[in-house]
$ cat data-v9.pdb   # PDB, C-alpha atoms, pLDDT in the B column
ATOM      1  CA  MET A   1      -7.611 -26.676   8.829  1.00 83.00           C
ATOM      2  CA  THR A   2      -3.897 -26.468   7.969  1.00 93.00           C
ATOM      3  CA  SER A   3      -1.725 -23.539   9.041  1.00 89.00           C
ATOM      4  CA  ASN A   4      -1.556 -22.389   5.391  1.00 90.00           C
ATOM      5  CA  GLU A   5      -5.352 -22.370   5.178  1.00 91.00           C
ATOM      6  CA  LYS A   6      -5.563 -20.405   8.431  1.00 93.00           C
ATOM      7  CA  GLN A   7      -3.016 -17.870   7.146  1.00 92.00           C
ATOM      8  CA  LEU A   8      -4.921 -17.483   3.878  1.00 91.00           C
ATOM      9  CA  LYS A   9      -8.127 -16.898   5.851  1.00 95.00           C
ATOM     10  CA  TRP A  10      -6.443 -14.115   7.870  1.00 96.00           C
ATOM     11  CA  ASP A  11      -4.824 -12.685   4.733  1.00 97.00           C
ATOM     12  CA  ARG A  12      -8.224 -12.364   3.090  1.00 97.00           C
ATOM     13  CA  ARG A  13      -9.747 -10.752   6.205  1.00 97.00           C
ATOM     14  CA  TYR A  14      -7.033  -8.114   6.395  1.00 98.00           C
ATOM     15  CA  MET A  15      -7.179  -7.517   2.637  1.00 98.00           C
ATOM     16  CA  ASP A  16     -10.918  -6.873   2.996  1.00 98.00           C
ATOM     17  CA  ILE A  17     -10.071  -4.215   5.583  1.00 98.00           C
ATOM     18  CA  ALA A  18      -7.458  -2.696   3.240  1.00 98.00           C
ATOM     19  CA  LYS A  19     -10.148  -2.515   0.539  1.00 97.00           C
ATOM     20  CA  THR A  20     -12.480  -0.731   2.963  1.00 98.00           C
ATOM     21  CA  VAL A  21      -9.710   1.741   3.838  1.00 98.00           C
ATOM     22  CA  SER A  22      -9.055   2.346   0.112  1.00 97.00           C
ATOM     23  CA  ALA A  23     -12.549   3.833  -0.190  1.00 95.00           C
ATOM     24  CA  TRP A  24     -11.323   6.770   1.926  1.00 94.00           C
ATOM     25  CA  SER A  25      -8.811   7.724  -0.803  1.00 94.00           C
ATOM     26  CA  SER A  26      -9.178  11.125  -2.438  1.00 92.00           C
ATOM     27  CA  CYS A  27      -7.582   9.903  -5.688  1.00 91.00           C
ATOM     28  CA  ILE A  28      -9.797  10.512  -8.706  1.00 91.00           C
ATOM     29  CA  ARG A  29      -7.869   8.285 -11.134  1.00 85.00           C
ATOM     30  CA  GLU A  30      -9.702   5.164 -12.259  1.00 78.00           C
ATOM     31  CA  GLY A  31      -8.596   2.099 -10.274  1.00 81.00           C
ATOM     32  CA  ARG A  32      -6.063   3.961  -8.139  1.00 88.00           C
ATOM     33  CA  LYS A  33      -7.796   4.122  -4.762  1.00 94.00           C
ATOM     34  CA  VAL A  34      -5.303   2.254  -2.581  1.00 96.00           C
ATOM     35  CA  GLY A  35      -5.623   1.080   1.006  1.00 98.00           C
ATOM     36  CA  ALA A  36      -3.088  -0.418   3.414  1.00 98.00           C
ATOM     37  CA  VAL A  37      -3.244  -2.126   6.808  1.00 98.00           C
ATOM     38  CA  ILE A  38      -0.187  -2.938   8.933  1.00 98.00           C
ATOM     39  CA  VAL A  39      -0.643  -5.993  11.139  1.00 98.00           C
ATOM     40  CA  LYS A  40       1.582  -7.596  13.764  1.00 98.00           C
ATOM     41  CA  ASN A  41       0.712 -10.637  15.879  1.00 96.00           C
ATOM     42  CA  ASN A  42      -2.796 -10.621  14.359  1.00 95.00           C
ATOM     43  CA  ARG A  43      -3.420  -7.067  15.597  1.00 97.00           C
ATOM     44  CA  ILE A  44      -4.008  -4.054  13.380  1.00 98.00           C
ATOM     45  CA  LEU A  45      -1.386  -1.409  14.110  1.00 98.00           C
ATOM     46  CA  THR A  46      -2.225   1.298  11.550  1.00 98.00           C
ATOM     47  CA  THR A  47      -4.010   1.933   8.289  1.00 98.00           C
ATOM     48  CA  GLY A  48      -3.319   4.228   5.363  1.00 98.00           C
ATOM     49  CA  TYR A  49      -4.816   5.324   2.079  1.00 97.00           C
ATOM     50  CA  ASN A  50      -3.561   7.461  -0.778  1.00 95.00           C
ATOM     51  CA  GLY A  51      -4.510  11.080  -0.453  1.00 93.00           C
ATOM     52  CA  ALA A  52      -3.116  14.568  -0.094  1.00 93.00           C
ATOM     53  CA  PRO A  53      -1.003  15.368   2.992  1.00 93.00           C
ATOM     54  CA  ALA A  54      -2.715  17.176   5.859  1.00 92.00           C
ATOM     55  CA  GLY A  55      -3.543  20.756   4.922  1.00 94.00           C
ATOM     56  CA  ILE A  56      -3.010  20.204   1.175  1.00 94.00           C
ATOM     57  CA  LYS A  57      -5.966  20.207  -1.218  1.00 94.00           C
ATOM     58  CA  SER A  58      -6.687  16.808  -2.731  1.00 92.00           C
ATOM     59  CA  CYS A  59      -7.401  16.167  -6.404  1.00 91.00           C
ATOM     60  CA  GLN A  60     -11.070  15.741  -5.453  1.00 91.00           C
ATOM     61  CA  GLU A  61     -11.064  19.239  -3.952  1.00 94.00           C
ATOM     62  CA  ARG A  62      -9.129  20.684  -6.901  1.00 94.00           C
ATOM     63  CA  GLY A  63     -11.414  18.980  -9.409  1.00 93.00           C
ATOM     64  CA  TYR A  64      -8.553  17.557 -11.494  1.00 93.00           C
ATOM     65  CA  CYS A  65      -5.649  15.137 -11.407  1.00 92.00           C
ATOM     66  CA  MET A  66      -2.299  16.796 -12.039  1.00 92.00           C
ATOM     67  CA  ARG A  67      -0.951  13.495 -13.414  1.00 91.00           C
ATOM     68  CA  ASP A  68      -3.778  13.290 -15.956  1.00 91.00           C
ATOM     69  CA  GLN A  69      -3.217  16.906 -16.982  1.00 93.00           C
ATOM     70  CA  LEU A  70       0.503  16.243 -17.501  1.00 94.00           C
ATOM     71  CA  GLY A  71      -0.099  12.918 -19.284  1.00 92.00           C
ATOM     72  CA  ILE A  72       1.993  10.925 -16.788  1.00 90.00           C
ATOM     73  CA  GLU A  73       1.772   7.140 -17.167  1.00 87.00           C
ATOM     74  CA  SER A  74       0.825   4.992 -14.208  1.00 83.00           C
ATOM     75  CA  GLY A  75       3.888   3.581 -12.457  1.00 81.00           C
ATOM     76  CA  THR A  76       6.127   6.521 -13.378  1.00 84.00           C
ATOM     77  CA  ARG A  77       7.075   9.895 -11.869  1.00 88.00           C
ATOM     78  CA  ALA A  78       5.439   9.213  -8.480  1.00 84.00           C
ATOM     79  CA  GLU A  79       6.830  12.504  -7.188  1.00 86.00           C
ATOM     80  CA  LEU A  80       4.437  14.408  -9.451  1.00 90.00           C
ATOM     81  CA  CYS A  81       1.266  13.817  -7.478  1.00 91.00           C
ATOM     82  CA  TYR A  82      -0.473  15.627  -4.627  1.00 92.00           C
ATOM     83  CA  ALA A  83      -1.100  12.334  -2.819  1.00 92.00           C
ATOM     84  CA  ILE A  84       1.025  10.386  -0.403  1.00 94.00           C
ATOM     85  CA  HIS A  85       0.750   6.638  -1.010  1.00 95.00           C
ATOM     86  CA  ALA A  86      -1.236   4.333   1.273  1.00 97.00           C
ATOM     87  CA  GLU A  87       1.852   2.432   2.441  1.00 98.00           C
ATOM     88  CA  GLN A  88       3.650   5.682   3.251  1.00 97.00           C
ATOM     89  CA  ASN A  89       0.642   6.941   5.195  1.00 97.00           C
ATOM     90  CA  ALA A  90       0.445   3.712   7.212  1.00 98.00           C
ATOM     91  CA  VAL A  91       4.161   3.844   8.112  1.00 98.00           C
ATOM     92  CA  VAL A  92       3.984   7.585   8.917  1.00 97.00           C
ATOM     93  CA  GLN A  93       0.990   7.034  11.199  1.00 97.00           C
ATOM     94  CA  ALA A  94       2.903   4.314  13.045  1.00 98.00           C
ATOM     95  CA  ALA A  95       5.879   6.667  13.472  1.00 97.00           C
ATOM     96  CA  LYS A  96       3.657   9.514  14.717  1.00 97.00           C
ATOM     97  CA  MET A  97       2.060   7.223  17.305  1.00 97.00           C
ATOM     98  CA  GLY A  98       5.297   5.518  18.365  1.00 98.00           C
ATOM     99  CA  ILE A  99       4.234   2.110  17.046  1.00 98.00           C
ATOM    100  CA  ASN A 100       6.970  -0.345  16.111  1.00 97.00           C
ATOM    101  CA  VAL A 101       6.232  -2.044  12.763  1.00 98.00           C
ATOM    102  CA  ASP A 102       9.442  -4.110  12.710  1.00 98.00           C
ATOM    103  CA  GLY A 103       8.533  -7.667  11.730  1.00 98.00           C
ATOM    104  CA  ALA A 104       4.966  -6.747  10.721  1.00 98.00           C
ATOM    105  CA  THR A 105       2.926  -7.577   7.631  1.00 98.00           C
ATOM    106  CA  ILE A 106       1.394  -4.921   5.403  1.00 98.00           C
ATOM    107  CA  TYR A 107      -1.729  -5.649   3.403  1.00 98.00           C
ATOM    108  CA  VAL A 108      -2.017  -3.368   0.388  1.00 98.00           C
ATOM    109  CA  THR A 109      -4.676  -3.382  -2.295  1.00 97.00           C
ATOM    110  CA  HIS A 110      -1.976  -2.749  -4.942  1.00 96.00           C
ATOM    111  CA  GLN A 111       1.633  -3.906  -5.314  1.00 96.00           C
ATOM    112  CA  PRO A 112       3.891  -1.224  -3.782  1.00 96.00           C
ATOM    113  CA  CYS A 113       5.827   1.124  -6.051  1.00 93.00           C
ATOM    114  CA  SER A 114       9.618   1.299  -5.752  1.00 93.00           C
ATOM    115  CA  VAL A 115       9.450   4.384  -3.481  1.00 94.00           C
ATOM    116  CA  CYS A 116       7.072   2.653  -1.063  1.00 96.00           C
ATOM    117  CA  THR A 117       9.090  -0.554  -1.328  1.00 97.00           C
ATOM    118  CA  ARG A 118      12.219   1.204  -0.060  1.00 97.00           C
ATOM    119  CA  ILE A 119      10.258   2.694   2.836  1.00 98.00           C
ATOM    120  CA  LEU A 120       8.781  -0.702   3.716  1.00 98.00           C
ATOM    121  CA  ILE A 121      12.211  -2.349   3.592  1.00 98.00           C
ATOM    122  CA  ASN A 122      13.694   0.214   5.986  1.00 97.00           C
ATOM    123  CA  SER A 123      10.672   0.172   8.295  1.00 98.00           C
ATOM    124  CA  GLY A 124      11.281  -3.506   9.036  1.00 98.00           C
ATOM    125  CA  ILE A 125       8.140  -4.849   7.368  1.00 98.00           C
ATOM    126  CA  LYS A 126       8.812  -8.543   6.744  1.00 98.00           C
ATOM    127  CA  ARG A 127       5.806  -9.528   4.653  1.00 98.00           C
ATOM    128  CA  ILE A 128       3.802  -7.723   1.965  1.00 98.00           C
ATOM    129  CA  VAL A 129       0.436  -9.052   0.803  1.00 98.00           C
ATOM    130  CA  TYR A 130      -1.141  -7.338  -2.192  1.00 98.00           C
ATOM    131  CA  GLU A 131      -3.973  -8.011  -4.607  1.00 97.00           C
ATOM    132  CA  GLN A 132      -3.605  -5.849  -7.715  1.00 95.00           C
ATOM    133  CA  GLU A 133      -0.441  -5.604  -9.766  1.00 92.00           C
ATOM    134  CA  TYR A 134       1.269  -2.263 -10.379  1.00 87.00           C
ATOM    135  CA  PRO A 135       3.551  -1.493 -13.357  1.00 84.00           C
ATOM    136  CA  ASP A 136       6.811  -1.112 -11.397  1.00 87.00           C
ATOM    137  CA  LYS A 137       9.204  -4.015 -12.022  1.00 91.00           C
ATOM    138  CA  PHE A 138      11.991  -2.304 -10.069  1.00 94.00           C
ATOM    139  CA  SER A 139       9.977  -2.657  -6.851  1.00 94.00           C
ATOM    140  CA  LEU A 140       9.862  -6.425  -7.438  1.00 95.00           C
ATOM    141  CA  GLU A 141      13.648  -6.508  -7.919  1.00 96.00           C
ATOM    142  CA  LEU A 142      14.152  -4.612  -4.659  1.00 96.00           C
ATOM    143  CA  LEU A 143      11.797  -6.924  -2.790  1.00 95.00           C
ATOM    144  CA  GLU A 144      13.494 -10.045  -4.129  1.00 95.00           C
ATOM    145  CA  GLU A 145      16.900  -8.776  -3.036  1.00 96.00           C
ATOM    146  CA  SER A 146      15.593  -7.637   0.366  1.00 96.00           C
ATOM    147  CA  GLY A 147      14.224 -11.047   1.325  1.00 94.00           C
ATOM    148  CA  ILE A 148      10.821  -9.637   2.262  1.00 96.00           C
ATOM    149  CA  GLU A 149       8.085 -12.192   1.672  1.00 96.00           C
ATOM    150  CA  LEU A 150       5.819 -11.005  -1.122  1.00 96.00           C
ATOM    151  CA  VAL A 151       2.386 -12.593  -1.484  1.00 97.00           C
ATOM    152  CA  HIS A 152       0.134 -11.913  -4.470  1.00 96.00           C
ATOM    153  CA  LEU A 153      -3.333 -12.664  -3.093  1.00 95.00           C
ATOM    154  CA  LYS A 154      -5.574 -13.585  -6.012  1.00 87.00           C
TER     155      LYS A 154
END
$ encode --input "data-v9.pdb" --output "structure tokens"
Amino acid sequence: MTSNEKQLKWDRRYMDIAKTVSAWSSCIREGRKVGAVIVKNNRILTTGYNGAPAGIKSCQERGYCMRDQLGIESGTRAELCYAIHAEQNAVVQAAKMGINVDGATIYVTHQPCSVCTRILINSGIKRIVYEQEYPDKFSLELLEESGIELVHLK
């Protein structure tokens, strides 16, 4: 088995874990349950999923999605949502626990938005592996300029 085949095997394993984590999401929008896993040296450091911050009611608990009520398109106005994104949650958990993510890989079920992309750049993440595309071309521009390796796992 070549090193590329081995890497692909690990990428798929960690993406499967990110998919499992995405099931914990409290998002009620169709296709928007997102999971993330940060890995360094083949060890899982933290996980994250999109959901309301601690102590804040989720859309599931409220029984509605504010974004749906306001008619906000996917990929726009990320600040108008009760949830924190999966990537943000994973990085925040690392910070809370004193875990260094510099040089790590993040596996995310969806391509990061531009807000998450900026956080990942500054956190020192060096590789992003995602499965589903997200309608945010600016995040791709930022990633290209940053030099972070971006892998679309199909």
$ closest_residue --input "data-v9.pdb" --among "A:Ala78, A:Cys59, A:Ile128, A:Ala52" --to "Ala36 (chain A)" --atoms "only C-alpha atoms"
A:Ile128
$ atom_distance --input "data-v9.pdb" --atom1 "CA of Lys126 (chain A)" --atom2 "CA of Val21 (chain A)"
21.4 Å
$ residues_around --input "data-v9.pdb" --residues "Gly147 (chain A)" --least-positions-apart "3" --cutoff "10 Å" --atoms "all atoms listed in the file" --output "NGL selection string"
:A and (121 or 126-127 or 142-144 or 150)
$ residues_around --input "data-v9.pdb" --residues "Asp11 (chain A)" --least-positions-apart "3" --cutoff "12 Å" --atoms "all atoms listed in the file" --output "list in words"
Asn4, Glu5, Lys6, Gln7, Leu8, Tyr14, Met15, Asp16, Ile17, Ala18, Val37, Ile38, Val39, Asn42, Thr105, Ile106, Tyr107, Val108, Thr109, Arg127, Ile128, Val129, Tyr130, Glu131, Val151, His152, Leu153 and Lys154 of chain A
$ atom_distance --input "data-v9.pdb" --atom1 "CA of Arg29 (chain A)" --atom2 "CA of Val101 (chain A)"
29.6 Å
$ resolve_selection --input "data-v9.pdb" --expression "the PyMOL selection byres ((chain A and resi 85) around 9)" --output "PDB file with C-alpha atoms, in the frame of the given file"
ATOM      1  CA  VAL A  34      -5.303   2.254  -2.581  1.00 96.00           C
ATOM      2  CA  GLY A  35      -5.623   1.080   1.006  1.00 98.00           C
ATOM      3  CA  GLY A  48      -3.319   4.228   5.363  1.00 98.00           C
ATOM      4  CA  TYR A  49      -4.816   5.324   2.079  1.00 97.00           C
ATOM      5  CA  ASN A  50      -3.561   7.461  -0.778  1.00 95.00           C
ATOM      6  CA  GLY A  51      -4.510  11.080  -0.453  1.00 93.00           C
ATOM      7  CA  ALA A  52      -3.116  14.568  -0.094  1.00 93.00           C
ATOM      8  CA  ALA A  83      -1.100  12.334  -2.819  1.00 92.00           C
ATOM      9  CA  ILE A  84       1.025  10.386  -0.403  1.00 94.00           C
ATOM     10  CA  ALA A  86      -1.236   4.333   1.273  1.00 97.00           C
ATOM     11  CA  GLU A  87       1.852   2.432   2.441  1.00 98.00           C
ATOM     12  CA  GLN A  88       3.650   5.682   3.251  1.00 97.00           C
ATOM     13  CA  ASN A  89       0.642   6.941   5.195  1.00 97.00           C
ATOM     14  CA  ALA A  90       0.445   3.712   7.212  1.00 98.00           C
ATOM     15  CA  PRO A 112       3.891  -1.224  -3.782  1.00 96.00           C
ATOM     16  CA  CYS A 116       7.072   2.653  -1.063  1.00 96.00           C
TER      17      CYS A 116
END
$ atom_distance --input "data-v9.pdb" --atom1 "CA of Asn100 (chain A)" --atom2 "CA of Val115 (chain A)"
20.3 Å
$ closest_residue --input "data-v9.pdb" --among "A:Trp10, A:Lys96, A:Glu149, A:Trp24" --to "Gln60 (chain A)" --atoms "all atoms listed in the file"
A:Trp24
$ closest_residue --input "data-v9.pdb" --among "A:Leu80, A:Cys113, A:Cys27, A:Leu45" --to "Tyr64 (chain A)" --atoms "all atoms listed in the file"
A:Cys27
$ build_atoms --input "data-v9.pdb" --residues "region 82-93 of chain A" --atoms "N, CA, C and O atoms" --output "mmCIF file, in the coordinates of the input"
data_model
loop_
_atom_site.group_PDB
_atom_site.id
_atom_site.type_symbol
_atom_site.label_atom_id
_atom_site.label_comp_id
_atom_site.auth_asym_id
_atom_site.auth_seq_id
_atom_site.Cartn_x
_atom_site.Cartn_y
_atom_site.Cartn_z
ATOM 1 N N TYR A 82 -0.175 14.990 -5.916
ATOM 2 C CA TYR A 82 -0.473 15.627 -4.627
ATOM 3 C C TYR A 82 -0.550 14.606 -3.498
ATOM 4 O O TYR A 82 -0.370 14.943 -2.332
ATOM 5 N N ALA A 83 -0.829 13.354 -3.839
ATOM 6 C CA ALA A 83 -1.100 12.334 -2.819
ATOM 7 C C ALA A 83 0.166 11.700 -2.262
ATOM 8 O O ALA A 83 1.181 11.579 -2.938
ATOM 9 N N ILE A 84 0.052 11.280 -1.023
ATOM 10 C CA ILE A 84 1.025 10.386 -0.403
ATOM 11 C C ILE A 84 0.417 8.989 -0.524
ATOM 12 O O ILE A 84 -0.801 8.826 -0.430
ATOM 13 N N HIS A 85 1.253 7.995 -0.792
ATOM 14 C CA HIS A 85 0.750 6.638 -1.010
ATOM 15 C C HIS A 85 0.250 5.999 0.283
ATOM 16 O O HIS A 85 0.666 6.378 1.384
ATOM 17 N N ALA A 86 -0.616 5.014 0.133
ATOM 18 C CA ALA A 86 -1.236 4.333 1.273
ATOM 19 C C ALA A 86 -0.198 3.716 2.206
ATOM 20 O O ALA A 86 -0.298 3.850 3.438
ATOM 21 N N GLU A 87 0.816 3.066 1.630
ATOM 22 C CA GLU A 87 1.852 2.432 2.441
ATOM 23 C C GLU A 87 2.626 3.479 3.236
ATOM 24 O O GLU A 87 2.931 3.279 4.414
ATOM 25 N N GLN A 88 2.933 4.602 2.577
ATOM 26 C CA GLN A 88 3.650 5.682 3.251
ATOM 27 C C GLN A 88 2.814 6.230 4.399
ATOM 28 O O GLN A 88 3.330 6.459 5.499
ATOM 29 N N ASN A 89 1.527 6.439 4.148
ATOM 30 C CA ASN A 89 0.642 6.941 5.195
ATOM 31 C C ASN A 89 0.580 5.987 6.386
ATOM 32 O O ASN A 89 0.594 6.418 7.540
ATOM 33 N N ALA A 90 0.513 4.691 6.123
ATOM 34 C CA ALA A 90 0.445 3.712 7.212
ATOM 35 C C ALA A 90 1.723 3.728 8.051
ATOM 36 O O ALA A 90 1.671 3.701 9.284
ATOM 37 N N VAL A 91 2.883 3.807 7.395
ATOM 38 C CA VAL A 91 4.161 3.844 8.112
ATOM 39 C C VAL A 91 4.306 5.164 8.875
ATOM 40 O O VAL A 91 4.752 5.188 10.028
ATOM 41 N N VAL A 92 3.905 6.271 8.253
ATOM 42 C CA VAL A 92 3.984 7.585 8.917
ATOM 43 C C VAL A 92 3.087 7.611 10.157
ATOM 44 O O VAL A 92 3.487 8.125 11.211
ATOM 45 N N GLN A 93 1.891 7.063 10.037
ATOM 46 C CA GLN A 93 0.990 7.034 11.199
ATOM 47 C C GLN A 93 1.599 6.231 12.337
ATOM 48 O O GLN A 93 1.506 6.617 13.504
#
